[in-house]
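Listing of entry34.txt; format and content: compact mmCIF, C-alpha atoms.
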```txt
# COMPACT_ATOMS: atom_id res chain seq x y z
CA MET A 1 -12.88 19.84 -9.96
CA ALA A 2 -15.42 17.02 -10.19
CA VAL A 3 -14.99 13.50 -8.79
CA LEU A 4 -16.64 10.51 -10.43
CA ALA A 5 -16.77 7.87 -7.70
CA LEU A 6 -17.59 4.24 -8.40
CA ARG A 7 -17.08 0.88 -6.71
CA GLU A 8 -15.18 -2.14 -7.94
CA PHE A 9 -16.85 -3.81 -10.96
CA GLU A 10 -19.16 -0.86 -11.60
CA ARG A 11 -19.24 0.70 -15.07
CA ILE A 12 -18.25 4.02 -16.60
CA THR A 13 -20.24 5.11 -19.66
CA CYS A 14 -19.05 7.25 -22.54
CA GLY A 15 -21.25 10.30 -23.21
CA GLU A 16 -21.30 13.91 -24.33
CA ALA A 17 -20.44 15.51 -20.96
CA PHE A 18 -18.67 14.52 -17.75
CA ASP A 19 -21.39 13.50 -15.27
CA PRO A 20 -20.19 12.12 -11.92
CA ASN A 21 -23.71 11.22 -10.76
CA GLY A 22 -24.43 9.19 -13.88
CA ARG A 23 -20.87 7.81 -14.02
CA VAL A 24 -20.41 9.27 -17.52
CA VAL A 25 -17.16 10.54 -19.05
CA ARG A 26 -16.54 12.42 -22.28
CA ALA A 27 -15.17 10.66 -25.34
CA ASP A 28 -11.66 12.11 -24.86
CA GLN A 29 -11.66 11.03 -21.21
CA HIS A 30 -12.89 7.57 -22.22
CA ARG A 31 -9.97 7.25 -24.65
CA ALA A 32 -7.58 8.48 -21.95
CA LEU A 33 -8.80 5.80 -19.52
CA GLU A 34 -8.48 3.14 -22.22
CA SER A 35 -4.93 4.27 -22.98
CA PHE A 36 -4.02 4.37 -19.30
CA SER A 37 -5.40 0.87 -18.68
CA GLU A 38 -3.47 -0.52 -21.66
CA ASN A 39 -0.20 1.09 -20.54
CA TYR A 40 -0.74 -0.02 -16.95
CA GLN A 41 -1.33 -3.58 -18.11
CA LYS A 42 1.89 -3.54 -20.14
CA GLN A 43 3.89 -2.28 -17.16
CA HIS A 44 2.30 -4.31 -14.35
CA ASN A 45 0.52 -7.18 -16.16
CA VAL A 46 -2.79 -6.36 -14.44
CA THR A 47 -6.05 -4.85 -15.66
CA VAL A 48 -7.53 -1.68 -14.16
CA PHE A 49 -10.49 -1.31 -16.55
CA GLN A 50 -12.08 -3.96 -18.74
CA HIS A 51 -14.22 -3.22 -21.79
CA GLY A 52 -17.92 -3.74 -21.19
CA PRO A 53 -20.92 -3.60 -23.53
CA ARG A 54 -21.90 -0.38 -25.29
CA ARG A 55 -18.57 1.43 -24.85
CA THR A 56 -18.49 1.00 -21.09
CA LEU A 57 -15.42 0.47 -18.93
CA VAL A 58 -15.71 -1.86 -15.96
CA ALA A 59 -13.49 -1.11 -12.95
CA GLN A 60 -11.58 -4.09 -11.60
CA ASN A 61 -10.22 -4.66 -8.09
CA PHE A 62 -7.76 -1.77 -8.18
CA VAL A 63 -8.85 1.16 -6.02
CA GLY A 64 -7.61 4.73 -5.92
CA VAL A 65 -7.70 7.73 -8.25
CA VAL A 66 -6.94 8.44 -11.89
CA ASN A 67 -6.58 12.11 -12.78
CA LEU A 68 -8.24 13.26 -15.98
CA GLY A 69 -7.11 16.85 -16.28
CA ARG A 70 -9.37 18.89 -14.02
CA ASP A 71 -11.55 15.86 -13.20
CA GLN A 72 -10.88 12.67 -11.27
CA VAL A 73 -12.12 9.09 -11.49
CA GLU A 74 -12.12 7.45 -8.07
CA ILE A 75 -12.47 3.69 -7.66
CA LEU A 76 -13.53 2.59 -4.18
CA PRO A 77 -13.58 -0.92 -2.69
CA LYS A 78 -16.88 -2.76 -2.59
CA ILE A 79 -17.31 -2.22 1.13
CA GLU A 80 -20.75 -1.43 2.53
CA GLY A 81 -21.40 2.16 3.58
CA ASP A 82 -21.78 5.52 1.89
CA VAL A 83 -19.01 6.97 -0.25
CA SER A 84 -17.50 9.15 2.50
CA GLN A 85 -17.41 6.24 4.98
CA VAL A 86 -15.82 3.88 2.45
CA ARG A 87 -13.28 6.56 1.50
CA HIS A 88 -12.48 7.07 5.20
CA ASN A 89 -12.02 3.33 5.72
CA LEU A 90 -9.85 2.98 2.61
CA ALA A 91 -7.53 5.74 3.83
CA LYS A 92 -7.25 4.03 7.19
CA MET A 93 -6.56 0.63 5.62
CA ILE A 94 -3.77 2.16 3.52
CA SER A 95 -2.32 3.83 6.61
CA VAL A 96 -2.34 0.64 8.69
CA ALA A 97 -1.15 -1.65 5.89
CA MET A 98 1.80 0.60 5.02
CA ASP A 99 2.58 1.51 8.63
CA LEU A 100 2.25 5.18 7.71
CA GLU A 101 1.11 6.29 11.20
CA LEU A 102 -1.00 8.94 9.52
CA TYR A 103 -4.44 8.09 10.86
CA ASP A 104 -4.53 9.49 14.36
CA ALA A 105 -7.10 11.30 16.55
CA ASP A 106 -6.87 14.39 14.36
CA VAL A 107 -8.03 12.64 11.17
CA SER A 108 -11.50 14.16 11.45
CA LYS A 109 -9.92 17.58 10.91
CA VAL A 110 -8.92 16.68 7.35
CA ASP A 111 -11.90 14.55 6.32
CA ASN A 112 -14.14 16.12 3.69
CA HIS A 113 -17.09 14.20 2.34
CA SER A 114 -16.75 15.56 -1.20
CA ASP A 115 -13.01 15.02 -1.75
CA SER A 116 -11.47 11.96 -3.34
CA ILE A 117 -9.18 9.54 -1.54
CA LEU A 118 -6.25 11.24 -3.29
CA GLU A 119 -7.10 14.63 -1.79
CA VAL A 120 -7.51 13.02 1.63
CA LEU A 121 -4.05 11.41 1.38
CA ILE A 122 -2.52 14.70 0.18
CA ARG A 123 -3.97 16.52 3.18
CA LEU A 124 -2.72 13.83 5.55
CA PHE A 125 0.71 13.99 3.93
CA CYS A 126 0.87 17.79 4.30
CA GLN A 127 -0.37 17.61 7.87
CA LYS A 128 2.30 15.10 8.89
CA LEU A 129 5.05 16.86 6.94
CA TRP A 130 4.21 20.17 8.65
CA GLN A 131 4.58 18.42 12.02
CA CYS A 132 8.02 17.13 11.00
CA VAL A 133 9.24 20.41 9.47
CA ARG A 134 8.24 22.45 12.51
CA ARG A 135 10.53 20.25 14.59
CA GLY A 136 13.35 21.05 12.19
CA MET A 137 14.47 20.10 8.71
CA VAL A 138 16.69 17.05 8.34
CA ARG A 139 20.33 18.04 8.05
CA GLN A 140 23.04 15.56 7.06
CA TYR A 141 26.73 15.67 6.28
CA GLU A 142 27.06 15.59 2.50
CA ILE A 143 30.31 15.37 0.50
CA ARG A 144 30.86 18.48 -1.63
CA ASN A 145 33.32 19.03 -4.48
CA GLU A 146 33.91 22.71 -5.24
CA ASN A 147 36.55 24.89 -6.87
CA LEU A 148 37.44 27.52 -4.23
CA ALA A 149 39.93 30.36 -3.70
CA MET A 150 40.84 29.04 -0.24
CA LEU A 151 41.37 25.48 0.94
CA ARG A 152 38.36 23.90 2.61
CA GLY A 153 38.52 20.32 3.77
CA ARG A 154 41.12 18.54 1.69
CA LEU A 155 42.65 19.05 -1.73
CA SER A 156 41.65 16.66 -4.50
CA VAL A 157 44.96 16.27 -6.32
CA PRO A 158 43.57 14.49 -9.44
CA GLU A 159 40.85 17.11 -9.82
CA GLN A 160 43.33 19.94 -9.20
CA ILE A 161 45.57 18.67 -12.02
CA ARG A 162 42.64 18.15 -14.36
CA VAL A 163 40.85 21.45 -13.77
CA ASN A 164 43.28 23.92 -12.22
CA LEU A 165 46.62 23.12 -13.87
CA ALA A 166 46.76 26.63 -15.28
CA ARG A 167 44.91 28.22 -12.34
CA PRO A 168 47.14 28.18 -9.24
CA ASP A 169 44.72 30.64 -7.58
CA ARG A 170 41.96 27.99 -7.47
CA LEU A 171 41.80 24.85 -5.31
CA ALA A 172 39.74 21.73 -6.01
CA CYS A 173 38.35 21.07 -2.53
CA VAL A 174 36.54 18.09 -1.11
CA PHE A 175 34.71 18.71 2.17
CA ASP A 176 31.73 17.65 4.27
CA GLU A 177 28.88 20.11 4.67
CA PHE A 178 26.07 19.86 7.23
CA SER A 179 23.23 20.69 4.88
CA GLU A 180 19.51 20.48 4.25
CA ASN A 181 20.32 19.57 0.66
CA ASN A 182 20.33 15.80 1.10
CA PRO A 183 18.58 12.86 -0.61
CA LEU A 184 15.74 12.64 1.92
CA ASN A 185 14.76 16.30 1.53
CA GLN A 186 15.19 16.08 -2.24
CA VAL A 187 12.63 13.25 -2.36
CA LEU A 188 10.18 15.20 -0.21
CA LYS A 189 10.59 18.24 -2.46
CA ALA A 190 10.08 16.09 -5.57
CA ALA A 191 6.85 14.75 -4.07
CA LEU A 192 5.65 18.28 -3.29
CA GLN A 193 6.41 19.34 -6.86
CA VAL A 194 4.30 16.45 -8.15
CA LEU A 195 1.47 17.38 -5.79
CA SER A 196 1.63 21.04 -6.83
CA ARG A 197 0.36 19.88 -10.24
CA VAL A 198 -1.96 17.16 -8.93
CA ALA A 199 -3.77 18.71 -5.93
CA LYS A 200 -7.20 20.07 -6.86
CA THR A 201 -8.53 21.68 -3.67
CA GLN A 202 -7.45 25.18 -2.67
CA ALA A 203 -6.48 24.03 0.82
CA ASN A 204 -4.15 21.36 -0.55
CA GLN A 205 -2.68 23.70 -3.16
CA ARG A 206 -1.93 26.30 -0.47
CA ASN A 207 -0.38 23.73 1.88
CA VAL A 208 1.84 22.32 -0.86
CA ALA A 209 3.00 25.80 -1.95
CA GLU A 210 3.87 26.80 1.62
CA LEU A 211 5.76 23.56 2.21
CA LEU A 212 7.71 24.01 -1.03
CA PHE A 213 8.91 27.36 0.33
CA CYS A 214 10.46 25.48 3.28
CA PHE A 215 12.47 23.36 0.81
CA GLN A 216 13.78 26.23 -1.33
CA GLU A 217 17.41 25.49 -0.32
CA VAL A 218 17.04 21.90 -1.50
CA ASP A 219 18.02 20.95 -5.06
CA ASP A 220 15.41 19.75 -7.53
CA VAL A 221 15.71 16.12 -8.55
CA VAL A 222 14.07 14.33 -11.46
CA PRO A 223 11.93 11.42 -10.14
CA ARG A 224 13.58 8.84 -12.42
CA ALA A 225 17.01 9.90 -11.08
CA ILE A 226 16.12 9.23 -7.43
CA ASN A 227 18.30 6.63 -5.73
CA TRP A 228 15.83 5.21 -3.22
CA SER A 229 18.54 3.28 -1.39
CA ARG A 230 20.00 6.62 -0.20
CA THR A 231 16.72 8.04 1.09
CA GLY A 232 16.29 5.94 4.21
CA THR A 233 15.78 7.34 7.68
CA ASN A 234 17.97 6.99 10.76
CA ARG A 235 17.45 7.54 14.48
CA LEU A 236 17.44 11.33 14.09
CA SER A 237 15.13 11.41 11.07
CA ALA A 238 12.80 8.54 11.98
CA ARG A 239 9.87 10.95 12.32
CA PHE A 240 9.98 11.41 8.52
CA LYS A 241 9.47 7.70 7.77
CA PRO A 242 5.65 7.86 7.29
CA VAL A 243 5.77 10.89 4.97
CA LEU A 244 8.68 9.37 3.05
CA ALA A 245 6.57 6.28 2.32
CA LEU A 246 3.71 8.45 1.05
CA ALA A 247 6.12 10.63 -0.93
CA ARG A 248 7.26 7.55 -2.83
CA LEU A 249 3.65 6.67 -3.64
CA PHE A 250 3.03 10.14 -5.03
CA ILE A 251 6.27 10.21 -7.05
CA GLU A 252 5.70 6.78 -8.56
CA GLY A 253 2.08 7.69 -9.31
CA LYS A 254 3.17 10.47 -11.68
CA SER A 255 2.24 9.27 -15.15
CA PRO A 256 2.21 11.48 -18.25
CA ASP A 257 0.41 8.72 -20.15
CA VAL A 258 -2.96 9.28 -18.42
CA VAL A 259 -3.76 12.48 -20.31
CA SER A 260 -1.58 12.67 -23.39
CA GLY A 261 0.35 15.90 -23.50
CA ALA A 262 -1.42 17.42 -20.50
CA GLY A 263 1.59 17.09 -18.23
CA ASP A 264 -0.52 16.45 -15.14
CA GLY A 265 -1.36 12.79 -15.65
CA PHE A 266 -1.44 10.95 -12.34
CA ALA A 267 -2.75 7.67 -10.98
CA LEU A 268 -2.58 6.35 -7.44
CA LEU A 269 -3.88 2.79 -7.36
CA PHE A 270 -3.88 -0.07 -4.85
CA ASP A 271 -4.47 -3.75 -5.56
CA MET A 272 -7.26 -4.69 -3.13
CA ASN A 273 -6.01 -8.30 -2.97
CA LYS A 274 -2.68 -7.08 -1.59
CA LEU A 275 -4.16 -4.25 0.47
CA PHE A 276 -6.64 -6.59 2.18
CA GLU A 277 -3.86 -9.07 2.94
CA SER A 278 -1.48 -6.41 4.27
CA TYR A 279 -4.17 -4.72 6.37
CA VAL A 280 -5.39 -7.94 8.01
CA GLY A 281 -1.78 -9.01 8.59
CA ALA A 282 -0.85 -5.69 10.23
CA VAL A 283 -3.86 -5.84 12.55
CA ALA A 284 -3.16 -9.51 13.36
CA LYS A 285 0.40 -8.63 14.39
CA ARG A 286 -0.91 -6.22 16.99
CA VAL A 287 -3.73 -8.48 18.22
CA PHE A 288 -1.76 -11.69 18.70
CA PHE A 289 1.48 -10.12 19.91
CA LYS A 290 -0.13 -10.01 23.37
CA ASP A 291 -0.52 -13.82 23.21
CA GLY A 292 3.18 -14.33 22.57
CA LEU A 293 2.65 -15.14 18.90
CA THR A 294 4.81 -13.84 16.07
CA VAL A 295 2.81 -13.04 12.95
CA SER A 296 4.67 -13.15 9.62
CA LEU A 297 3.42 -12.03 6.22
CA GLN A 298 4.22 -13.97 3.06
CA GLY A 299 6.13 -16.68 4.84
CA PRO A 300 7.97 -18.51 6.23
CA LYS A 301 8.64 -20.14 2.87
CA ARG A 302 8.29 -23.88 2.37
CA HIS A 303 7.92 -26.26 -0.58
CA LEU A 304 5.27 -28.79 -1.42
CA ALA A 305 7.54 -31.43 -2.99
CA ARG A 306 11.06 -32.33 -4.09
CA VAL A 307 12.45 -33.68 -7.32
CA GLU A 308 14.55 -36.87 -7.42
CA CYS A 309 17.81 -35.05 -6.73
CA GLY A 310 16.30 -33.50 -3.59
CA ARG A 311 15.78 -29.98 -4.91
CA PRO A 312 12.56 -28.46 -3.47
CA VAL A 313 9.85 -27.41 -5.92
CA PHE A 314 6.39 -25.80 -5.79
CA GLU A 315 7.05 -23.00 -3.34
CA LEU A 316 4.47 -22.31 -0.62
CA ARG A 317 4.13 -18.81 0.82
CA PRO A 318 0.99 -18.27 2.95
CA ASP A 319 -0.35 -14.76 3.44
CA ILE A 320 -0.27 -14.83 7.25
CA VAL A 321 1.44 -17.32 9.59
CA ALA A 322 1.33 -17.12 13.39
CA THR A 323 4.09 -18.94 15.26
CA ASN A 324 5.12 -19.48 18.85
CA GLY A 325 8.82 -20.21 18.69
CA GLU A 326 9.08 -23.32 16.51
CA THR A 327 5.35 -24.04 16.65
CA VAL A 328 2.93 -22.94 13.94
CA ALA A 329 -0.28 -21.84 15.64
CA PHE A 330 -2.40 -21.06 12.60
CA VAL A 331 -2.26 -20.03 8.94
CA ILE A 332 -4.54 -17.44 7.29
CA ASP A 333 -4.95 -16.93 3.58
CA THR A 334 -6.92 -13.82 2.63
CA LYS A 335 -9.15 -13.74 -0.44
CA TRP A 336 -10.59 -10.47 -1.74
CA LYS A 337 -13.66 -12.17 -3.19
CA ARG A 338 -17.35 -11.83 -2.38
CA LEU A 339 -18.85 -15.06 -1.09
CA ASN A 340 -22.20 -16.02 -2.61
CA GLU A 341 -24.61 -17.53 -0.12
CA HIS A 342 -26.75 -18.94 -2.94
CA ALA A 343 -23.85 -20.83 -4.52
CA ASN A 344 -22.63 -24.28 -3.55
CA ARG A 345 -20.34 -23.91 -0.49
CA ASP A 346 -20.70 -20.10 -0.85
CA GLY A 347 -18.79 -20.24 -4.13
CA ILE A 348 -15.49 -21.15 -2.46
CA SER A 349 -12.97 -22.27 -5.06
CA THR A 350 -11.84 -25.89 -4.92
CA SER A 351 -8.30 -24.76 -5.75
CA ASP A 352 -8.31 -22.51 -2.68
CA VAL A 353 -9.21 -25.47 -0.46
CA TYR A 354 -6.46 -27.59 -2.08
CA GLN A 355 -4.05 -24.75 -1.37
CA MET A 356 -5.06 -24.64 2.31
CA TYR A 357 -4.70 -28.41 2.57
CA ALA A 358 -1.12 -28.05 1.30
CA TYR A 359 -0.46 -25.40 3.96
CA SER A 360 -1.99 -27.66 6.62
CA THR A 361 0.25 -30.61 5.80
CA GLN A 362 3.52 -28.77 5.10
CA TYR A 363 3.28 -26.36 8.03
CA ARG A 364 1.80 -28.92 10.45
CA SER A 365 -0.69 -26.27 11.45
CA PRO A 366 -3.62 -27.33 13.67
CA GLU A 367 -5.81 -24.89 11.79
CA VAL A 368 -5.78 -23.08 8.46
CA LEU A 369 -8.27 -20.37 7.65
CA LEU A 370 -9.63 -18.86 4.44
CA LEU A 371 -10.62 -15.26 5.21
CA TYR A 372 -13.01 -13.28 2.99
CA PRO A 373 -14.58 -9.80 3.28
CA HIS A 374 -18.03 -9.88 4.87
CA HIS A 375 -21.14 -8.34 3.31
CA SER A 376 -24.78 -8.05 4.37
CA GLU A 377 -26.07 -10.69 1.92
CA LEU A 378 -24.26 -13.30 4.02
CA GLY A 379 -26.39 -12.41 7.04
CA GLY A 380 -25.01 -11.55 10.47
CA TRP A 381 -21.28 -11.94 11.13
CA THR A 382 -20.16 -15.10 12.93
CA PRO A 383 -16.59 -16.21 13.81
CA ARG A 384 -16.79 -19.28 11.58
CA ARG A 385 -18.78 -19.61 8.38
CA ALA A 386 -17.78 -23.20 7.61
CA GLU A 387 -15.33 -25.89 8.73
CA TYR A 388 -14.01 -28.74 6.59
CA TRP A 389 -12.07 -31.61 8.18
CA VAL A 390 -9.37 -33.15 6.05
CA ASN A 391 -7.85 -36.65 6.29
CA GLY A 392 -10.44 -37.84 8.76
CA SER A 393 -11.38 -36.48 12.14
CA HIS A 394 -7.96 -37.24 13.63
CA GLY A 395 -5.86 -35.52 10.96
CA MET A 396 -2.29 -36.44 10.11
CA ASN A 397 0.78 -36.85 12.32
CA SER A 398 -1.38 -36.50 15.44
CA VAL A 399 -2.38 -32.97 14.41
CA ALA A 400 -6.11 -32.32 13.98
CA GLN A 401 -6.30 -30.66 10.57
CA LYS A 402 -9.22 -28.62 9.37
CA VAL A 403 -9.83 -25.91 6.82
CA SER A 404 -12.02 -23.14 8.20
CA VAL A 405 -13.81 -20.40 6.30
CA ALA A 406 -14.49 -17.03 7.90
CA THR A 407 -15.23 -13.44 7.00
CA VAL A 408 -14.24 -10.07 8.42
CA SER A 409 -16.44 -7.00 8.21
CA LEU A 410 -14.68 -3.84 7.06
CA GLN A 411 -17.62 -1.49 7.57
CA ASN A 412 -16.40 -0.54 11.05
CA LEU A 413 -12.61 -0.92 11.10
CA SER A 414 -12.38 -0.30 14.84
CA ASP A 415 -14.08 -3.68 15.31
CA VAL A 416 -11.63 -5.65 13.12
CA PRO A 417 -9.22 -6.48 16.02
CA ASN A 418 -12.17 -7.81 18.01
CA GLN A 419 -13.28 -9.95 15.07
CA LEU A 420 -9.79 -11.44 14.68
CA ARG A 421 -9.72 -12.16 18.39
CA LYS A 422 -13.02 -14.04 18.08
CA LEU A 423 -11.64 -16.05 15.17
CA PHE A 424 -8.85 -17.30 17.43
CA PRO A 425 -9.92 -16.83 21.08
CA ILE A 426 -7.26 -16.96 23.79
CA SER A 427 -8.22 -20.50 24.86
CA ALA A 428 -7.89 -21.74 21.29
CA VAL A 429 -4.58 -19.92 20.83
CA GLU A 430 -3.18 -21.56 23.95
CA GLN A 431 -4.28 -24.96 22.64
CA MET A 432 -2.72 -24.32 19.24
CA LYS A 433 0.53 -23.17 20.83
CA SER A 434 0.84 -26.56 22.46
CA LEU A 435 0.51 -28.39 19.13
CA GLY A 436 2.94 -28.82 16.28
CA THR A 437 6.67 -29.26 16.48
CA GLN A 438 8.03 -28.52 13.02
CA THR A 439 10.37 -25.57 12.59
CA PRO A 440 8.90 -22.92 10.25
```
Let's see the structure in the file written out as structure tokens.
Amino acid sequence: MAVLALREFERITCGEAFDPNGRVVRADQHRALESFSENYQKQHNVTVFQHGPRRTLVAQNFVGVVNLGRDQVEILPKIEGDVSQVRHNLAKMISVAMDLELYDADVSKVDNHSDSILEVLIRLFCQKLWQCVRRGMVRQYEIRNENLAMLRGRLSVPEQIRVNLARPDRLACVFDEFSENNPLNQVLKAALQVLSRVAKTQANQRNVAELLFCFQEVDDVVPRAINWSRTGTNRLSARFKPVLALARLFIEGKSPDVVSGAGDGFALLFDMNKLFESYVGAVAKRVFFKDGLTVSLQGPKRHLARVECGRPVFELRPDIVATNGETVAFVIDTKWKRLNEHANRDGISTSDVYQMYAYSTQYRSPEVLLLYPHHSELGGWTPRRAEYWVNGSHGMNSVAQKVSVATVSLQNLSDVPNQLRKLFPISAVEQMKSLGTQTP
């Protein structure tokens, strides 16, 4: 197995042989990536690869792995650091954003500098699933319908008439069975079956095969036939929640269109705009919970205007809103864009500022913040990169309104909570909690 790793907006070249160091793929692999990108765009209305000059493909802001038979193309976020460090940080961001609880003190045991992010996630999945299985497989009462010689449970009269009218020695029974063969285990087995064809390293292949042996009493289920509404966890099976979330990612990543006819096509991709938003929001929840603030993602929903009949229009849905009861403390909108220190106002879009002004007025927030990823070309990190006062220095409705611009460095993720705390220090949070009266 060979892994071609590149960052967002870097190029893949078409050549005679697969060369990870030169970021070169063969002609058949180039066509496979083109086909995959076209199909992905049709299904999700987003672009993974754009055509560049001289038969190149330019990676966009979707990160993850696309399998190409025995080889893999890995797209990493444009975060500073070497490949292994960025891969490590990406796995941790995915874990935190999706509340997978997979990145713990033992993560160093599964890190390997040469493996792709997909192999890292497979190892983490197997590690966590082994922990769950060793504590016992999930057993649930499932309704069974069987034709038996002796009565078990209750007799299904309609089924007895339909099937056994001429067989008085058989009984159509309906009964509950405490079994491992339930929807949750069927999903986990389906994910393992996908990974048995996707995993490239020997360690992952061995782990998947051994785990499949533990699920041999569980029925196979076709991924498209899975009823996800029946696969939730309860109090007794809550420990399976993180691996169930990853299992769904693996199952939905199965795509026979990546390598036509190969049967092992697979892509696991994450939109960095959404991942950045979800990660910052998840960390903010933990940081500001201690201050008595409730952090909400993608809401609460409001509208910018109303039509003549009173119906609200132009929905507003900020990325991150911190509230204290009925008071909005601050609003954050994340932007996965690289600021340009040589451009006018760092290249900040005018439309983004208009959007933040709308949030400021409709949410009566004393402060709204545009948050971008930090990079070394911007110089040293500071809590505020710029501040723009709107509607005069006194604001509107006795609320001092300003649009702030800040960055957060993702090179050392352990420092992100500290950076968010510096963006809104305790004294400022207390002041903001005392302002604003509108119900979110």
Please report, as a tab-separated table, each residue of stretch 241-332 of chain A lying at most 9 Å from stretch 80-95 of chain A, together with the nearest pair of atoms and the separation in Å rounded to one decimal; use all atoms listed in the file, and order rows by chain and ascending residue number.
```
residue	atom	partner	partner_atom	distance
A:Pro242	CA	A:Ser95	CA	9.0
A:Phe270	CA	A:Ile94	CA	8.7
A:Leu275	CA	A:Ile94	CA	7.1
A:Phe276	CA	A:Met93	CA	8.0
A:Ser278	CA	A:Met93	CA	8.8
A:Tyr279	CA	A:Met93	CA	5.9
A:Val280	CA	A:Met93	CA	9.0
```
Would you output that residue set with C-alpha atoms, as a short mmCIF file (atom, residue, chain, number, x, y, z; two decimals), keeping the file's coordinate frame?
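Output contents, as saved in selection-v9.cif:
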```cif
data_model
loop_
_atom_site.label_atom_id
_atom_site.label_comp_id
_atom_site.auth_asym_id
_atom_site.auth_seq_id
_atom_site.Cartn_x
_atom_site.Cartn_y
_atom_site.Cartn_z
CA PRO A 242 5.65 7.86 7.29
CA PHE A 270 -3.88 -0.07 -4.85
CA LEU A 275 -4.16 -4.25 0.47
CA PHE A 276 -6.64 -6.59 2.18
CA SER A 278 -1.48 -6.41 4.27
CA TYR A 279 -4.17 -4.72 6.37
CA VAL A 280 -5.39 -7.94 8.01
#
```
Checklist outcome for this item: As a check of understanding: the span from atom CA of A:Ala358 to atom CA of A:Val331 is 11.1 Å
Next on the checklist: Given the point (-10.6, 3.7, -22.8) in the coordinates of this file, which residues lie within 12 Å, counting only C-alpha atoms, and how would they look as number ranges by chain?
Outcome noted: A: 11-14, 25-39, 48-52, 55-59, 68, 258-259
I'd like a table as CSV: residues in stretch 144-203 of chain A with an atom no more than 9 Å from stretch 228-234 of chain A, each row giving the shortest atom pair and its distance in Å to one decimal, all atoms listed in the file counted, sorted by chain and rising residue number.
```
residue,atom,partner,partner_atom,distance
A:Asn182,CA,A:Thr231,CA,8.6
A:Pro183,CA,A:Thr231,CA,5.4
A:Leu184,CA,A:Thr231,CA,4.8
A:Asn185,CA,A:Thr231,CA,8.5
A:Gln186,CA,A:Thr231,CA,8.8
A:Val187,CA,A:Thr231,CA,7.5
```
Item to check | Neighbours of point (-9.1, -9.7, 0.2) within 12 Å, using all atoms listed in the file, written as JSON, numbers by chain | outcome: {"A": [61, 62, 77, 78, 79, 93, 271, 272, 273, 274, 275, 276, 277, 278, 279, 280, 281, 319, 332, 333, 334, 335, 336, 337, 338, 339, 370, 371, 372, 373, 374, 406, 407, 408, 409, 410]}
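Nearest residue to A:Ser156 among A:Tyr141, A:Val218, A:Trp130, A:Phe175 is A:Phe175, counting all atoms listed in the file.
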Item to check | Shell around A:Gly153 at 8 Å using all atoms listed in the file, local window under 4 positions removed, as a list in words | outcome: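 The filter keeps Cys173, Val174, Phe175 and Asp176 of chain A.
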Checklist entry - Please, what distance in Å, to one decimal, runs between atom CA of A:Arg302 and atom CA of A:Glu315? => result 5.9 Å
Item to check | Shortest interatomic distance to A:Gln216 - which of A:Glu180, A:Glu10, A:Asp71, A:Asp115, counting all atoms listed in the file | outcome: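 Closest to A:Gln216 of all the choices is A:Glu180.
Between atom CA of A:Gln401 and atom CA of A:Arg364 the interatomic distance comes to 8.3 Å.
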Checklist entry - Nearest to A:Leu124 among A:Asn207, A:Thr294, A:Gln411, A:Gln355, with distances taken over all atoms listed in the file: which residue is it? => result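 Smallest distance to A:Leu124 is found for A:Asn207.
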